[in-house]
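One structure below.
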Amino acid sequence: MPAPHATPPPLGRRFGAHLSAVGLANLADGLVATAVPLIAISLTRSPALIGLLTAAVWVPWLVLGLPAGVLVDRWDRRRTMVVALSIRALLLGAAAVLALTGQLTIWWLVGLALTYGITEVFTDLAAQAQVPALVGRRASTLQRANARLLAVEQIAGGFIGPPLAGVLVAAGAAWALGVPGALVIGAAVTLLVGLGGRYVATRPEQTEVTTALGRVSEGMVILWRHPVLRPMLIGGGMWNFASAGFAAVIVLWLVGPGSAGGLSERTYSLVLVAMPVGAVIGSWLAGRVLARFTEMRVLVVCWGVNAVLNVVPLLWPGALGFALFLFLVAPLGVVGNVISGSIRPRMVPEHVLGKVGGAARVVGYGTMPIGAVVAGQAAERFGIEAVLCGVVVIMLLATALVAVQVPQRLVDEHELEPEERAAESQQPESGAGPAGKSAQVAG
């Protein structure tokens with residue numbers, strides 16, 4: 001067992017290249033996520049069309065999450081990311097040209113959101129499945145790698161992206177769409193240069209599912225039959241349902257004349273910066289907390305405290321109260337995501353990580369539009385206060401489910417043995433170095 005103060009081994013050059021590519025791609029995501037709605041409201045004031053634009057982002061996960069997971073497990077994951085990022089760059093470049101020539105419409109933006117979302121499905125699943133091949137499947141190493149990835153994602157997409165997007169939108173829609181396109185090209189080039197060789201999971205012949213339906217459903221079957229992953233999936237789905245409901249009504253609760261918060265749009269946008277600041281702190285704390293306490297105890301505490309903190313905007317709906325809420329829940333969310341993101345690769349053979357990841361996101365992301373619709377209807381009938389209280393109740397129920405059904409003992413019992421990890425190892429080819437000791441989140 002390593003000494004308490006021993007310096008952990010480096011995660012390696014190849015993980016550094018992966019991290020850099022993820023950072024560039026997430027900076028582009030942050031720019032697009034902020035800029036596209038701002039461009040859209042300059043093209044239309046129709047709530048129905050703006051809602052359609054928002055829904056277009058999540059539809060690819062609902063439709064493609066399962067089959068994309070199958071394909072990611074069969075394809076070279078590095079090549080999958082490069083191709084998807086290259087297509088994304090072409091989409092953004094075409095949209096920038098349309099904006100520059102005055103031909104950009106809300107329907108073009110909806111199409112951009114939909115196709116951008118399709119590339120994101122493949123990129124995210126491949127990137128998540130790639131991590132164990134780069135750093136190994138040891139719990140502490142995966143937690144450290146996921147913490148760094150989350151930190152980069154929050155800094156790039158949540159802290160730098162939104163204010164920079166505001167500057168680019170002011171300069172013109174072509175800039176707001178063209179700059180993220182250039183960043184995506186940089187991410188693809190980083191992967192091409194920094195990750196040599198092929199990264200295709202080895203699939204044991206005796207366990208290979210041969211029918212198309214079997215391949216698509218395999219990830220969901222694995223999740224549903226697993227005593228650790230099934231309650232985690234259900235609890236996560238409940239949590240995302242409640243979170244989407246919160247997001248659907250919180251702007252109405254805080255922003256505009258007559259709202260409880262009375263915030264302006266500009267003040268609300270500035271307050272949002274508190275979340276990535278807290279998230280960066282959480283990514284720094286994750287490894288230190290997990291070195292002292294068992295992961296499931298930390299997860300339950302994070303979820304439970306996070307749930308209770310959702311009453312803060314209800315009781316204190318001003319700018320300071322909302323900023324404090326975001327600052328406190330962000331590190332709890334990051335630590336929870338680090339834990340949940342590191343558990344799955346230790347429970348599941350690497351050759352089905354893509355399928356299982358796709359199935360998990362179909363359930364996790366599939367509950368979000370449902371939660372938003374239900375919250376909107378409930379707020380219309382019973383008031384926003386009732387929805388915010390309901391969010392807390394559902395989150396606490398999800399926490400209790402995981403606390404009761406997934407003790408640390410159960411996680412330890414179902415973790416793959418070192419020999420099984422080695423047998424499932426992904427072997428890079430064509431000049432790539434050894435993958436190390438072989439073998440994610442949110443939302």
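Within each chain, counting starts at residue 1; across the structure tokens, chains are named A, B, ... in the order shown, with ligands numbered 1 upward in that order.
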inquiry  = If we count only C-alpha atoms and set the cut-off at 8 Å, which residues sit around segment 274-290 of chain A, ignoring sequence neighbours fewer than 2 positions away in its own chain? Please answer as number ranges by chain.
reply    = A: 140, 143-144, 147-148, 150-151, 154-155, 158-159, 271-272, 292-295, 298, 323-324, 326-335, 338
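Distances from A:Ala360, A:Leu410, A:Ala84, A:Leu109 to Leu233 of chain A were compared using only C-alpha atoms, and the smallest one belongs to A:Ala360.
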inquiry  = List the spatial neighbours of segment 111-113 of chain A as a list in words - criterion: any atom at most 10 Å away, only C-alpha atoms, same-chain residues fewer than 2 positions off excluded.
reply    = Val32, Ala33, Val36, Leu52, Leu53, Thr54, Ala55, Ala56, Val57, Trp58, Val59, Pro60, Arg88, Leu91, Leu92, Ala94, Ala95, Thr105, Ile106, Trp107, Trp108, Leu109, Thr115, Tyr116, Gly117 and Ile118 of chain A
inquiry  = Report as a PyMOL selection string all protein, DNA and RNA residues lying within 12 Å of Ser340 of chain A, evaluated on only C-alpha atoms, omitting residues in the same chain fewer than 6 positions from it.
reply    = chain A and resi 139+142-143+146-147+228-229+231-233+235-236+295-296+298-300+302-303+333-334+346-347+357+360+402+406+411+440-443
